[in-house]
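Student: start.pdb (PDB, C-alpha atoms) pasted underneath:
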```
MODEL        1
ATOM      1  CA  TYR E   1      57.675 -25.626  43.033  1.00  0.00           C
ATOM      2  CA  PRO E   2      56.316 -27.205  39.856  1.00  0.00           C
ATOM      3  CA  LYS E   3      52.736 -27.145  41.186  1.00  0.00           C
ATOM      4  CA  VAL E   4      52.838 -23.400  41.928  1.00  0.00           C
ATOM      5  CA  LYS E   5      50.969 -21.303  39.409  1.00  0.00           C
ATOM      6  CA  LEU E   6      51.266 -17.510  39.235  1.00  0.00           C
ATOM      7  CA  VAL E   7      47.958 -16.081  38.062  1.00  0.00           C
ATOM      8  CA  ILE E   8      47.549 -12.415  37.221  1.00  0.00           C
ATOM      9  CA  TYR E   9      44.419 -10.522  36.257  1.00  0.00           C
ATOM     10  CA  GLY E  10      44.762  -8.040  33.419  1.00  0.00           C
ATOM     11  CA  LEU E  11      47.673  -7.692  31.019  1.00  0.00           C
ATOM     12  CA  ALA E  12      49.707  -5.002  32.785  1.00  0.00           C
ATOM     13  CA  ALA E  13      52.418  -7.223  34.278  1.00  0.00           C
ATOM     14  CA  SER E  14      52.407 -10.016  31.715  1.00  0.00           C
ATOM     15  CA  ALA E  15      55.076  -8.562  29.393  1.00  0.00           C
ATOM     16  CA  VAL E  16      57.435  -7.895  32.304  1.00  0.00           C
ATOM     17  CA  LEU E  17      56.962 -11.399  33.708  1.00  0.00           C
ATOM     18  CA  ALA E  18      57.403 -12.984  30.268  1.00  0.00           C
ATOM     19  CA  ALA E  19      60.593 -10.985  29.644  1.00  0.00           C
ATOM     20  CA  GLN E  20      62.004 -12.410  32.893  1.00  0.00           C
ATOM     21  CA  GLY E  21      61.025 -15.949  31.896  1.00  0.00           C
ATOM     22  CA  ILE E  22      58.502 -16.236  34.723  1.00  0.00           C
ATOM     23  CA  ARG E  23      55.750 -18.757  34.008  1.00  0.00           C
ATOM     24  CA  HIS E  24      52.357 -17.226  34.603  1.00  0.00           C
ATOM     25  CA  GLU E  25      48.752 -17.388  33.563  1.00  0.00           C
ATOM     26  CA  VAL E  26      46.795 -14.319  32.514  1.00  0.00           C
ATOM     27  CA  ARG E  27      43.104 -14.019  33.299  1.00  0.00           C
ATOM     28  CA  ALA E  28      40.809 -11.436  31.779  1.00  0.00           C
ATOM     29  CA  TRP E  29      39.689  -8.473  33.810  1.00  0.00           C
ATOM     30  CA  THR E  30      36.854  -9.710  36.012  1.00  0.00           C
ATOM     31  CA  PRO E  31      33.504  -7.996  36.608  1.00  0.00           C
ATOM     32  CA  PHE E  32      33.161  -6.542  40.101  1.00  0.00           C
ATOM     33  CA  ASN E  33      30.424  -8.945  41.209  1.00  0.00           C
ATOM     34  CA  GLU E  34      32.517 -11.994  40.173  1.00  0.00           C
ATOM     35  CA  TRP E  35      35.794 -10.847  41.734  1.00  0.00           C
ATOM     36  CA  PRO E  36      35.231 -12.300  45.258  1.00  0.00           C
ATOM     37  CA  GLN E  37      34.706 -15.792  43.805  1.00  0.00           C
ATOM     38  CA  HIS E  38      37.984 -15.553  41.879  1.00  0.00           C
ATOM     39  CA  LEU E  39      39.864 -14.104  44.836  1.00  0.00           C
ATOM     40  CA  ARG E  40      38.851 -16.918  47.175  1.00  0.00           C
ATOM     41  CA  ARG E  41      40.656 -19.397  44.889  1.00  0.00           C
ATOM     42  CA  PHE E  42      44.037 -17.843  45.745  1.00  0.00           C
ATOM     43  CA  ASP E  43      46.309 -19.703  48.146  1.00  0.00           C
ATOM     44  CA  ILE E  44      48.599 -16.685  48.546  1.00  0.00           C
ATOM     45  CA  GLY E  45      47.997 -13.107  47.450  1.00  0.00           C
ATOM     46  CA  ILE E  46      50.832 -10.818  46.441  1.00  0.00           C
ATOM     47  CA  ALA E  47      50.765  -7.042  46.515  1.00  0.00           C
ATOM     48  CA  PRO E  48      53.988  -5.456  45.273  1.00  0.00           C
ATOM     49  CA  LEU E  49      54.409  -1.675  45.258  1.00  0.00           C
ATOM     50  CA  THR E  50      57.543   0.242  44.280  1.00  0.00           C
ATOM     51  CA  THR E  51      56.964   3.500  42.402  1.00  0.00           C
ATOM     52  CA  GLN E  52      55.960   7.025  43.401  1.00  0.00           C
ATOM     53  CA  TYR E  53      52.596   6.324  41.759  1.00  0.00           C
ATOM     54  CA  ASP E  54      52.169   3.394  44.153  1.00  0.00           C
ATOM     55  CA  ARG E  55      52.571   5.712  47.160  1.00  0.00           C
ATOM     56  CA  ARG E  56      49.070   6.978  46.382  1.00  0.00           C
ATOM     57  CA  ARG E  57      47.447   3.547  46.372  1.00  0.00           C
ATOM     58  CA  SER E  58      45.133   2.574  49.193  1.00  0.00           C
ATOM     59  CA  ASN E  59      45.299  -0.728  51.023  1.00  0.00           C
ATOM     60  CA  LEU E  60      42.181  -1.973  49.201  1.00  0.00           C
ATOM     61  CA  LYS E  61      43.956  -4.984  47.680  1.00  0.00           C
ATOM     62  CA  LEU E  62      45.010  -6.106  51.158  1.00  0.00           C
ATOM     63  CA  ILE E  63      41.484  -5.604  52.481  1.00  0.00           C
ATOM     64  CA  GLU E  64      40.147  -7.719  49.597  1.00  0.00           C
ATOM     65  CA  TYR E  65      42.661 -10.458  50.390  1.00  0.00           C
ATOM     66  CA  GLY E  66      41.656 -10.307  54.054  1.00  0.00           C
ATOM     67  CA  LEU E  67      37.935 -10.521  53.359  1.00  0.00           C
ATOM     68  CA  GLY E  68      38.604 -13.432  50.996  1.00  0.00           C
ATOM     69  CA  HIS E  69      40.591 -15.288  53.695  1.00  0.00           C
ATOM     70  CA  VAL E  70      43.696 -15.080  51.493  1.00  0.00           C
ATOM     71  CA  PRO E  71      47.055 -14.761  53.266  1.00  0.00           C
ATOM     72  CA  PHE E  72      49.328 -12.310  51.501  1.00  0.00           C
ATOM     73  CA  VAL E  73      52.804 -10.949  51.005  1.00  0.00           C
ATOM     74  CA  ALA E  74      52.939  -7.190  50.443  1.00  0.00           C
ATOM     75  CA  SER E  75      55.462  -4.403  50.018  1.00  0.00           C
ATOM     76  CA  ASN E  76      56.578  -2.355  52.981  1.00  0.00           C
ATOM     77  CA  PHE E  77      55.535   0.760  51.094  1.00  0.00           C
ATOM     78  CA  GLY E  78      52.819   3.418  51.174  1.00  0.00           C
ATOM     79  CA  ASP E  79      49.554   2.413  52.848  1.00  0.00           C
ATOM     80  CA  TYR E  80      50.708  -1.199  53.031  1.00  0.00           C
ATOM     81  CA  THR E  81      53.401  -0.332  55.583  1.00  0.00           C
ATOM     82  CA  ASN E  82      51.219  -0.323  58.689  1.00  0.00           C
ATOM     83  CA  THR E  83      49.137  -3.383  57.854  1.00  0.00           C
ATOM     84  CA  PRO E  84      49.181  -5.579  60.981  1.00  0.00           C
ATOM     85  CA  VAL E  85      48.539  -8.869  59.138  1.00  0.00           C
ATOM     86  CA  GLY E  86      50.162 -10.682  56.234  1.00  0.00           C
ATOM     87  CA  LEU E  87      53.874 -10.736  55.566  1.00  0.00           C
ATOM     88  CA  ILE E  88      55.201  -7.254  54.798  1.00  0.00           C
ATOM     89  CA  VAL E  89      58.570  -7.228  52.992  1.00  0.00           C
ATOM     90  CA  LYS E  90      61.179  -4.791  51.703  1.00  0.00           C
ATOM     91  CA  ASP E  91      61.553  -4.181  47.975  1.00  0.00           C
ATOM     92  CA  ASP E  92      64.161  -6.911  47.625  1.00  0.00           C
ATOM     93  CA  PRO E  93      63.718 -10.043  45.467  1.00  0.00           C
ATOM     94  CA  LYS E  94      65.340 -12.236  48.137  1.00  0.00           C
ATOM     95  CA  GLU E  95      62.857 -11.002  50.770  1.00  0.00           C
ATOM     96  CA  TRP E  96      59.939 -11.669  48.430  1.00  0.00           C
ATOM     97  CA  TYR E  97      61.259 -15.130  47.643  1.00  0.00           C
ATOM     98  CA  ARG E  98      61.753 -16.002  51.322  1.00  0.00           C
ATOM     99  CA  ALA E  99      58.274 -14.775  52.314  1.00  0.00           C
ATOM    100  CA  ILE E 100      56.442 -16.547  49.497  1.00  0.00           C
ATOM    101  CA  LYS E 101      58.489 -19.734  50.020  1.00  0.00           C
ATOM    102  CA  TYR E 102      57.678 -19.604  53.729  1.00  0.00           C
ATOM    103  CA  LEU E 103      53.935 -19.447  53.033  1.00  0.00           C
ATOM    104  CA  ILE E 104      54.150 -22.228  50.443  1.00  0.00           C
ATOM    105  CA  ASP E 105      56.022 -24.462  52.879  1.00  0.00           C
ATOM    106  CA  HIS E 106      53.875 -23.638  55.946  1.00  0.00           C
ATOM    107  CA  PRO E 107      50.150 -24.223  55.323  1.00  0.00           C
ATOM    108  CA  GLU E 108      49.464 -23.707  59.048  1.00  0.00           C
ATOM    109  CA  LYS E 109      50.860 -20.148  58.782  1.00  0.00           C
ATOM    110  CA  ARG E 110      48.668 -19.506  55.720  1.00  0.00           C
ATOM    111  CA  LEU E 111      45.642 -20.603  57.740  1.00  0.00           C
ATOM    112  CA  GLU E 112      46.650 -18.416  60.686  1.00  0.00           C
ATOM    113  CA  LEU E 113      47.159 -15.377  58.419  1.00  0.00           C
ATOM    114  CA  SER E 114      43.896 -15.996  56.589  1.00  0.00           C
ATOM    115  CA  LYS E 115      42.031 -15.850  59.898  1.00  0.00           C
ATOM    116  CA  SER E 116      43.836 -12.799  61.279  1.00  0.00           C
ATOM    117  CA  GLY E 117      43.571 -11.096  57.874  1.00  0.00           C
ATOM    118  CA  TYR E 118      39.818 -11.571  57.852  1.00  0.00           C
ATOM    119  CA  LYS E 119      39.446 -10.173  61.383  1.00  0.00           C
ATOM    120  CA  TRP E 120      41.546  -7.154  60.402  1.00  0.00           C
ATOM    121  CA  ALA E 121      39.704  -6.528  57.112  1.00  0.00           C
ATOM    122  CA  GLU E 122      36.278  -6.948  58.708  1.00  0.00           C
ATOM    123  CA  ARG E 123      36.640  -3.567  60.388  1.00  0.00           C
ATOM    124  CA  TYR E 124      36.426  -1.955  56.935  1.00  0.00           C
ATOM    125  CA  LEU E 125      32.953  -3.383  56.240  1.00  0.00           C
ATOM    126  CA  MET E 126      30.064  -0.939  56.221  1.00  0.00           C
ATOM    127  CA  THR E 127      28.403  -2.661  59.171  1.00  0.00           C
ATOM    128  CA  ALA E 128      31.429  -1.742  61.298  1.00  0.00           C
ATOM    129  CA  ARG E 129      31.305   1.900  60.162  1.00  0.00           C
ATOM    130  CA  VAL E 130      27.613   2.859  60.307  1.00  0.00           C
ATOM    131  CA  ARG E 131      28.020   5.168  63.306  1.00  0.00           C
ATOM    132  CA  GLU E 132      30.886   7.043  61.608  1.00  0.00           C
ATOM    133  CA  TYR E 133      28.782   7.615  58.488  1.00  0.00           C
ATOM    134  CA  GLU E 134      25.841   8.768  60.567  1.00  0.00           C
ATOM    135  CA  LYS E 135      28.049  11.324  62.316  1.00  0.00           C
ATOM    136  CA  LEU E 136      29.304  12.597  58.964  1.00  0.00           C
ATOM    137  CA  LEU E 137      25.853  12.749  57.377  1.00  0.00           C
ATOM    138  CA  TRP E 138      23.937  14.149  60.344  1.00  0.00           C
ATOM    139  CA  PRO E 139      26.427  15.897  62.669  1.00  0.00           C
ATOM    140  CA  GLU E 140      23.634  17.903  64.310  1.00  0.00           C
ATOM    141  CA  VAL E 141      22.041  14.663  65.531  1.00  0.00           C
ATOM    142  CA  TYR E 142      25.206  12.952  66.705  1.00  0.00           C
TER     143      TYR E 142
ENDMDL
END
```
Take the structure I supplied and represent it as structure tokens, if you would.
Tutor:
Amino acid sequence: YPKVKLVIYGLAASAVLAAQGIRHEVRAWTPFNEWPQHLRRFDIGIAPLTTQYDRRRSNLKLIEYGLGHVPFVASNFGDYTNTPVGLIVKDDPKEWYRAIKYLIDHPEKRLELSKSGYKWAERYLMTARVREYEKLLWPEVY
């Protein structure tokens, strides 16, 4: 896939990718208010998790992908495990390759996942959670 470009934000993974001979582009850390514009440029999001540290991560990255209409491939690990959208894969390079290749080769599946991902992620927006916050803040009223 000569037209495929792996873009990462921040330097954390760059040395590992370079050591493996994986072509990639590094972008500087992005201010919070600019992040959604960058995210929406992605054709496919990836969210790998493998370590004990990763078990404590939330599913925020997947929610961001969903809200940005970005289909994704994610690890079957930690809070990512029960995500009902996207392609969830085992920690196996062949599985990752197959899933990413599938999304590259099937633009209709990317579109389908971008829509279902948005519907899923929408439930995390504040407007969908106002009543829950009200109950927490003013339990004597609710």
Student: Kindly indicate which residue among E:Val4, E:Leu103, E:Leu60, E:Leu49 lies nearest to Phe77 in chain E, using only C-alpha atoms for the distances.
Tutor: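 Among the listed residues, the smallest separation from Phe77 in chain E belongs to E:Leu49.
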Student: Determine, for each residue of range 93-125 of chain E having at least one atom at most 10 Å from an atom of range 36-47 of chain E, the closest pair of atoms and their separation in Å to one decimal, counting all atoms listed in the file; order by chain and ascending number, as JSON lines.
Tutor:
```
{"residue": "E:Trp96", "atom": "CA", "partner": "E:Ile46", "partner_atom": "CA", "distance": 9.4}
{"residue": "E:Ile100", "atom": "CA", "partner": "E:Ile44", "partner_atom": "CA", "distance": 7.9}
{"residue": "E:Leu103", "atom": "CA", "partner": "E:Ile44", "partner_atom": "CA", "distance": 7.5}
{"residue": "E:Ile104", "atom": "CA", "partner": "E:Ile44", "partner_atom": "CA", "distance": 8.1}
{"residue": "E:Pro107", "atom": "CA", "partner": "E:Asp43", "partner_atom": "CA", "distance": 9.3}
{"residue": "E:Arg110", "atom": "CA", "partner": "E:Ile44", "partner_atom": "CA", "distance": 7.7}
{"residue": "E:Leu111", "atom": "CA", "partner": "E:Asp43", "partner_atom": "CA", "distance": 9.7}
{"residue": "E:Ser114", "atom": "CA", "partner": "E:Ile44", "partner_atom": "CA", "distance": 9.3}
```
Student: Give as a PyMOL selection string the residues that the PyMOL selection byres ((chain E and resi 26) around 6) matches when applied to the coordinates above.
Tutor: chain E and resi 7-9+25+27
Student: For C-alpha atoms, I'd like the residues from the last selection saved as a short mmCIF file (atom, residue, chain, number, x, y, z; two decimals), in the coordinates of the input.
Tutor:
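This is the output file again_31.cif:
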```
data_model
loop_
_atom_site.label_atom_id
_atom_site.label_comp_id
_atom_site.auth_asym_id
_atom_site.auth_seq_id
_atom_site.Cartn_x
_atom_site.Cartn_y
_atom_site.Cartn_z
CA VAL E 7 47.96 -16.08 38.06
CA ILE E 8 47.55 -12.42 37.22
CA TYR E 9 44.42 -10.52 36.26
CA GLU E 25 48.75 -17.39 33.56
CA ARG E 27 43.10 -14.02 33.30
#
```
Student: Using only C-alpha atoms, which residue out of E:Pro71, E:Pro93, E:Gly66, E:Pro2 lies closest to Lys109 in chain E?
Tutor: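 Ranked by minimum distance to Lys109 in chain E, first place goes to E:Pro71.
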Student: Near Thr51 in chain E, within 12 Å and counting all atoms listed in the file, which residues show up once chain neighbours fewer than 6 positions away are dropped, as a ChimeraX atom specification?
Tutor: /E:57,75,77-78,91
Student: CA of Ile63 in chain E to CA of Trp120 in chain E: how many Å, to one decimal?
Tutor: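 It comes out at 8.1 Å.
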Student: I'd like to know which of E:Tyr118, E:Phe32, E:Tyr65, E:Phe72 is closest to Ile88 in chain E, using all atoms listed in the file.
Tutor: E:Phe72
Student: Which residue gives the smallest distance to Val89 in chain E among E:Gly117, E:Leu125, E:Thr50, E:Lys61, with only C-alpha atoms counted?
Tutor: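 The shortest atom-to-atom distance to Val89 in chain E comes from E:Thr50.
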Student: Using all atoms listed in the file, which of the listed residues (E:Tyr133, E:Ala28, E:Ala15, E:Leu62) sits closest to Asn82 in chain E?
Tutor: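 Using all atoms listed in the file, the shortest distance to Asn82 in chain E belongs to E:Leu62.
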Student: Pick from E:Leu67, E:Val73, E:Tyr142, E:Glu132: nearest to Lys101 in chain E, with all atoms listed in the file counted?
Tutor: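 With all atoms listed in the file as the atom set, the closest residue is E:Val73.
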Student: Could you please determine the separation between CA of Lys115 in chain E and CA of His69 in chain E in Å, to one decimal place?
Tutor: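 Spanning CA of Lys115 in chain E to CA of His69 in chain E is a straight-line distance of 6.4 Å.
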Student: Just to confirm, what's the straight-line distance from CA of Lys135 in chain E to CA of Arg123 in chain E in Å (one decimal)?
Tutor: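 Atom-to-atom, CA of Lys135 in chain E to CA of Arg123 in chain E, that is 17.3 Å.
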